[in-house]
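Colleague: What follows is upload33.cif, made up of mmCIF, C-alpha atoms:
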```cif
data_structure
loop_
_atom_site.label_atom_id
_atom_site.label_comp_id
_atom_site.auth_asym_id
_atom_site.auth_seq_id
_atom_site.Cartn_x
_atom_site.Cartn_y
_atom_site.Cartn_z
CA MET A 1 61.20 101.61 135.45
CA HIS A 2 60.25 98.65 137.62
CA PRO A 3 60.53 95.32 135.76
CA ASP A 4 56.72 95.01 135.85
CA SER A 5 56.12 98.55 134.63
CA PRO A 6 54.08 99.03 131.44
CA HIS A 7 56.15 102.12 130.59
CA TYR A 8 58.84 101.87 127.93
CA TYR A 9 58.78 105.46 126.66
CA PRO A 10 58.90 108.82 128.51
CA GLY A 11 55.79 110.04 126.73
CA THR A 12 53.57 107.57 128.62
CA LEU A 13 54.52 109.07 132.01
CA GLY A 14 51.99 111.88 131.80
CA ASP A 15 50.27 112.36 135.19
CA LYS A 16 52.32 109.47 136.62
CA PRO A 17 54.37 110.07 139.80
CA VAL A 18 58.10 110.36 139.21
CA ALA A 19 60.35 110.43 142.29
CA VAL A 20 62.92 113.23 142.51
CA GLN A 21 64.55 115.41 145.16
CA PHE A 22 63.13 118.88 144.78
CA HIS A 23 65.60 121.65 143.92
CA ALA A 24 68.47 119.24 143.34
CA GLY A 25 70.04 117.64 140.27
CA SER A 26 67.45 114.86 139.97
CA HIS A 27 64.65 117.44 139.93
CA TYR A 28 66.21 119.62 137.25
CA VAL A 29 67.26 116.74 135.02
CA ALA A 30 63.82 115.11 135.24
CA ILE A 31 62.18 118.34 134.10
CA ARG A 32 64.63 118.75 131.23
CA LEU A 33 64.19 115.17 130.06
CA LEU A 34 60.44 114.74 130.46
CA SER A 35 59.44 118.19 129.20
CA GLY A 36 60.63 117.12 125.77
CA TYR A 37 57.84 114.52 125.75
CA LEU A 38 55.12 115.91 128.01
CA PRO A 39 53.40 119.27 128.55
CA GLU A 40 54.12 121.00 131.83
CA ASP A 41 50.69 120.24 133.30
CA LYS A 42 51.27 116.50 132.89
CA LEU A 43 54.59 116.39 134.72
CA LYS A 44 53.97 114.85 138.14
CA LEU A 45 57.28 115.08 139.95
CA VAL A 46 57.12 113.99 143.58
CA HIS A 47 59.67 114.79 146.28
CA TYR A 48 61.10 111.64 147.85
CA GLY A 49 64.46 112.97 148.96
CA SER A 50 67.70 111.01 148.70
CA PRO A 51 68.48 108.39 146.01
CA GLN A 52 67.79 105.63 148.54
CA PHE A 53 64.22 106.78 149.10
CA ARG A 54 63.62 107.27 145.38
CA PHE A 55 64.95 103.78 144.63
CA GLU A 56 62.82 102.20 147.36
CA ALA A 57 59.73 104.06 146.16
CA LEU A 58 60.33 102.65 142.68
CA MET A 59 60.84 99.10 143.93
CA ASN A 60 57.78 99.32 146.19
CA GLY A 61 55.57 100.49 143.35
CA GLU A 62 54.85 103.86 144.97
CA VAL A 63 55.94 105.74 141.85
CA ALA A 64 55.95 104.99 138.15
CA ALA A 65 59.57 106.08 137.74
CA ALA A 66 62.47 107.52 139.69
CA ALA A 67 65.38 109.79 138.83
CA LEU A 68 68.46 107.90 140.00
CA MET A 69 72.22 108.26 139.85
CA GLU A 70 75.03 105.75 140.19
CA PRO A 71 75.39 103.31 141.89
CA TRP A 72 71.60 103.16 142.28
CA ILE A 73 71.12 102.89 138.52
CA THR A 74 73.32 99.81 138.34
CA LEU A 75 71.50 98.18 141.26
CA ALA A 76 68.13 98.90 139.67
CA GLU A 77 69.24 97.55 136.30
CA LYS A 78 70.63 94.39 137.90
CA LEU A 79 67.18 93.84 139.40
CA GLY A 80 65.59 94.09 135.97
CA CYS A 81 64.58 97.75 135.98
CA ARG A 82 64.97 99.63 132.72
CA PRO A 83 65.82 103.24 131.93
CA VAL A 84 63.56 105.15 129.54
CA CYS A 85 65.70 108.28 129.30
CA GLU A 86 69.08 109.36 130.53
CA GLY A 87 70.69 112.72 131.12
CA HIS A 88 73.93 114.13 132.44
CA TYR A 89 74.51 117.26 134.43
CA LEU A 90 77.53 119.17 135.56
CA GLY A 91 78.83 118.56 139.04
CA ALA A 92 81.34 121.18 140.14
CA GLU A 93 83.30 122.13 143.22
CA ASN A 94 81.74 124.95 145.21
CA ALA A 95 83.28 127.21 147.82
CA SER A 96 81.98 129.65 150.40
CA ASP A 97 82.92 133.31 150.27
CA ASN A 98 85.46 132.91 153.07
CA MET A 99 87.57 130.22 151.34
CA ASP A 100 90.90 131.64 150.17
CA GLU A 101 92.03 131.19 146.58
CA GLU A 102 95.07 129.08 147.50
CA THR A 103 92.95 126.48 149.30
CA PHE A 104 90.37 126.34 146.53
CA ALA A 105 93.11 125.98 143.89
CA ALA A 106 94.62 123.10 145.86
CA ILE A 107 91.23 121.37 146.02
CA ASN A 108 90.81 121.70 142.26
CA ARG A 109 94.31 120.36 141.60
CA ALA A 110 93.44 117.31 143.71
CA VAL A 111 90.18 116.88 141.79
CA ALA A 112 92.06 117.07 138.48
CA LYS A 113 94.45 114.33 139.61
CA ALA A 114 91.49 112.20 140.69
CA VAL A 115 89.86 112.69 137.29
CA ASP A 116 92.99 111.40 135.56
CA ARG A 117 93.29 108.38 137.83
CA ILE A 118 89.64 107.39 137.62
CA ASN A 119 89.44 107.78 133.85
CA ALA A 120 92.56 105.62 133.48
CA ASP A 121 90.84 102.69 135.23
CA LYS A 122 87.22 103.31 136.20
CA ARG A 123 86.48 99.84 137.55
CA LYS A 124 89.36 100.15 140.02
CA TYR A 125 87.56 102.95 141.87
CA LEU A 126 83.97 101.71 141.71
CA ARG A 127 84.41 100.14 145.12
CA TYR A 128 84.06 103.61 146.63
CA LEU A 129 80.53 103.80 145.23
CA ILE A 130 79.63 100.24 146.14
CA ASP A 131 80.96 100.42 149.71
CA GLU A 132 79.32 103.72 150.64
CA PRO A 133 77.56 102.69 153.89
CA ARG A 134 74.02 103.82 153.13
CA PHE A 135 74.08 102.29 149.65
CA ALA A 136 75.77 99.08 150.79
CA ALA A 137 73.13 98.48 153.47
CA VAL A 138 70.29 98.71 150.95
CA ALA A 139 72.10 96.87 148.15
CA ALA A 140 72.82 93.92 150.45
CA ARG A 141 69.08 93.32 150.78
CA TYR A 142 68.87 92.94 147.00
CA GLY A 143 71.93 90.76 146.46
CA GLY A 144 74.44 93.57 145.98
CA ILE A 145 76.42 94.63 142.91
CA THR A 146 80.00 94.30 141.71
CA PRO A 147 82.26 96.55 139.60
CA GLU A 148 81.53 94.31 136.62
CA ASP A 149 77.83 95.26 136.75
CA PHE A 150 78.45 98.91 135.83
CA HIS A 151 78.02 100.37 132.36
CA LEU A 152 81.29 102.33 132.28
CA PRO A 153 80.43 104.87 129.52
CA ARG A 154 77.78 106.25 131.85
CA LEU A 155 80.51 107.35 134.28
CA ARG A 156 81.99 110.62 133.03
CA TYR A 157 84.65 112.64 134.81
CA SER A 158 86.21 115.85 133.55
CA TYR A 159 88.23 118.77 134.84
CA ASN A 160 86.52 121.66 136.56
CA THR A 161 86.13 124.73 134.37
CA PRO A 162 84.42 128.08 134.99
CA TYR A 163 80.83 128.46 133.83
CA THR A 164 80.57 130.50 130.66
CA ASP A 165 78.34 133.57 130.61
CA GLU A 166 76.13 131.79 128.07
CA ILE A 167 75.61 128.76 130.30
CA VAL A 168 74.79 130.99 133.29
CA GLU A 169 72.29 133.07 131.31
CA ASP A 170 70.61 130.07 129.64
CA THR A 171 70.29 128.21 132.95
CA TYR A 172 69.00 131.31 134.74
CA HIS A 173 66.24 131.92 132.17
CA TRP A 174 65.29 128.22 132.15
CA MET A 175 64.93 128.17 135.95
CA VAL A 176 62.84 131.34 135.95
CA ARG A 177 60.59 129.92 133.21
CA TRP A 178 59.92 126.79 135.29
CA GLY A 179 59.35 128.72 138.52
CA LEU A 180 62.50 127.32 140.12
CA LEU A 181 64.01 130.76 140.71
CA ASP A 182 62.61 134.16 141.55
CA GLY A 183 62.80 136.33 138.46
CA ALA A 184 63.88 139.24 140.65
CA ALA A 185 67.24 137.56 141.12
CA CYS A 186 70.05 138.49 138.76
CA SER A 187 72.08 135.77 137.05
CA ALA A 188 75.27 137.69 137.83
CA ASP A 189 74.51 137.28 141.55
CA LEU A 190 74.25 133.48 141.32
CA VAL A 191 77.64 132.41 139.95
CA ASP A 192 81.07 133.80 140.79
CA ASN A 193 83.94 132.34 138.76
CA ARG A 194 86.65 134.48 140.33
CA LEU A 195 87.88 131.68 142.60
CA ALA A 196 87.66 129.00 139.93
CA GLU A 197 89.78 130.86 137.38
CA PRO A 198 93.12 130.79 139.26
CA ALA A 199 92.48 127.19 140.25
CA VAL A 200 92.10 126.18 136.62
CA ALA A 201 95.13 128.24 135.59
CA ALA A 202 97.22 126.48 138.21
CA ASP A 203 96.67 123.18 136.42
CA ASP A 204 97.80 124.45 132.99
#
```
Just give me the structure as structure tokens.

Modeller:
Amino acid sequence: MHPDSPHYYPGTLGDKPVAVQFHAGSHYVAIRLLSGYLPEDKLKLVHYGSPQFRFEALMNGEVAAAALMEPWITLAEKLGCRPVCEGHYLGAENASDNMDEETFAAINRAVAKAVDRINADKRKYLRYLIDEPRFAAVAARYGGITPEDFHLPRLRYSYNTPYTDEIVEDTYHWMVRWGLLDGAACSADLVDNRLAEPAVAADD
């Protein structure tokens, strides 16, 4: 929320514009978080695209709230903005059908090593977030941020693992219920763990 916002609780955001990127993580997480407080007909999610545009819409007063991710959250908080709810979602490595198992396994081994290194010293690697060109250009206009500004427990990194059948089914039915997926689709057609399984085994 903007520092001047009257909102301190998700339940007051009924019929208020909330910036997200449609059919991406910010969209899905916003629905999951706000639907616990508001009926569906009072959710007013508005497509603003990338985190930069959502952040700028929030700062310009175009929306009542914005779904952000790091390092945009830290920049917003440093400017006096406040979170009213927070959620986490799974980010995983994806591969096209034509990627061979050996290559995908190598990618996942590299990711696992990165997870270990980052978790051992999170602040050491925050520069990669801060120095990302698009973020850095915007942050400079607001005074910038440093590694010391981050709330480290918010940053969570774990090894890639295959989706369980339960997770796939629950997510599929949730998306159909919210009109995010055509009910004619089959959950078994949406997720294929065959490539992920040997990659995970290779790290054991």

Colleague: Just say which residues the PyMOL selection byres ((chain A and resi 10) around 9) picks in this file, as a list in words.

Modeller: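 Going through the file, the PyMOL selection byres ((chain A and resi 10) around 9) ends up selecting His7, Tyr8, Tyr9, Gly11, Thr12, Leu13, Gly14, Leu33, Leu34, Gly36, Tyr37, Leu38, Val84 and Cys85 of chain A.
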
Colleague: Do you have the CA of Val115 in chain A-CA of Ser158 in chain A distance handy?

Modeller: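 Calculated distance between CA of Val115 in chain A and CA of Ser158 in chain A is 6.1 Å.
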
Colleague: Which residues are near Ala76 in chain A? Cut-off 10 Å, all atoms listed in the file, ignore same chain within fewer than 6 positions. Put them as a list in words.

Modeller: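 Those residues are Met1, His2, Pro3, Phe55, Glu56, Leu58, Met59, Leu68, Glu70, Arg82, Pro83, Ala139, Tyr142 and Ile145 of chain A.
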
Colleague: May I ask which of the residues A:Ala184, A:Leu79, A:Ala120, A:Ala19 is the closest one to Ala65 in chain A, counting only C-alpha atoms?

Modeller: A:Ala19

Colleague: Here's a test: counting only C-alpha atoms, identify every protein, DNA and RNA residue with an atom at most 8 Å from (53.3, 113.8, 135.1) in the file's coordinate frame, and state them as a ChimeraX atom specification.

Modeller: /A:13-18,38,40-45

Colleague: Please, could you write that set of residues out with C-alpha atoms as an mmCIF file, in the coordinates of the input?

Modeller:
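In the end it all went to selection_20.cif:
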```cif
data_model
loop_
_atom_site.group_PDB
_atom_site.id
_atom_site.type_symbol
_atom_site.label_atom_id
_atom_site.label_comp_id
_atom_site.auth_asym_id
_atom_site.auth_seq_id
_atom_site.Cartn_x
_atom_site.Cartn_y
_atom_site.Cartn_z
ATOM 1 C CA LEU A 13 54.520 109.070 132.010
ATOM 2 C CA GLY A 14 51.990 111.880 131.800
ATOM 3 C CA ASP A 15 50.270 112.360 135.190
ATOM 4 C CA LYS A 16 52.320 109.470 136.620
ATOM 5 C CA PRO A 17 54.370 110.070 139.800
ATOM 6 C CA VAL A 18 58.100 110.360 139.210
ATOM 7 C CA LEU A 38 55.120 115.910 128.010
ATOM 8 C CA GLU A 40 54.120 121.000 131.830
ATOM 9 C CA ASP A 41 50.690 120.240 133.300
ATOM 10 C CA LYS A 42 51.270 116.500 132.890
ATOM 11 C CA LEU A 43 54.590 116.390 134.720
ATOM 12 C CA LYS A 44 53.970 114.850 138.140
ATOM 13 C CA LEU A 45 57.280 115.080 139.950
#
```

Colleague: Which residues are close to Gln52 in chain A, i.e. within 12 Å by all atoms listed in the file, leaving aside same-chain residues fewer than 5 positions away? Reply as an MDAnalysis selection string.

Modeller: chainID A and resid 19:21 57:59 66:73 75:76 132:139

Colleague: Could you write out the selected residues, including C-alpha atoms, as a compact mmCIF listing (two decimals), keeping the file's coordinate frame?

Modeller:
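Printed below is out09.txt as written:
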```
# COMPACT_ATOMS: atom_id res chain seq x y z
CA ALA A 19 60.35 110.43 142.29
CA VAL A 20 62.92 113.23 142.51
CA GLN A 21 64.55 115.41 145.16
CA ALA A 57 59.73 104.06 146.16
CA LEU A 58 60.33 102.65 142.68
CA MET A 59 60.84 99.10 143.93
CA ALA A 66 62.47 107.52 139.69
CA ALA A 67 65.38 109.79 138.83
CA LEU A 68 68.46 107.90 140.00
CA MET A 69 72.22 108.26 139.85
CA GLU A 70 75.03 105.75 140.19
CA PRO A 71 75.39 103.31 141.89
CA TRP A 72 71.60 103.16 142.28
CA ILE A 73 71.12 102.89 138.52
CA LEU A 75 71.50 98.18 141.26
CA ALA A 76 68.13 98.90 139.67
CA GLU A 132 79.32 103.72 150.64
CA PRO A 133 77.56 102.69 153.89
CA ARG A 134 74.02 103.82 153.13
CA PHE A 135 74.08 102.29 149.65
CA ALA A 136 75.77 99.08 150.79
CA ALA A 137 73.13 98.48 153.47
CA VAL A 138 70.29 98.71 150.95
CA ALA A 139 72.10 96.87 148.15
```

Colleague: Measuring between all atoms listed in the file, which one of A:Arg141, A:Thr74, A:Asp192, A:Pro162 shows the shortest distance to Leu129 in chain A?

Modeller: A:Thr74

Colleague: Considering all atoms listed in the file, state which residue in the set A:Lys78, A:Lys113, A:Ala188, A:Asp100 is at the smallest distance from Phe150 in chain A.

Modeller: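 Result for the nearest residue to Phe150 in chain A: A:Lys78.
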
Colleague: Quote the spacing between CA of Tyr89 in chain A and CA of Gly49 in chain A in Å to one decimal place.

Modeller: 18.2 Å
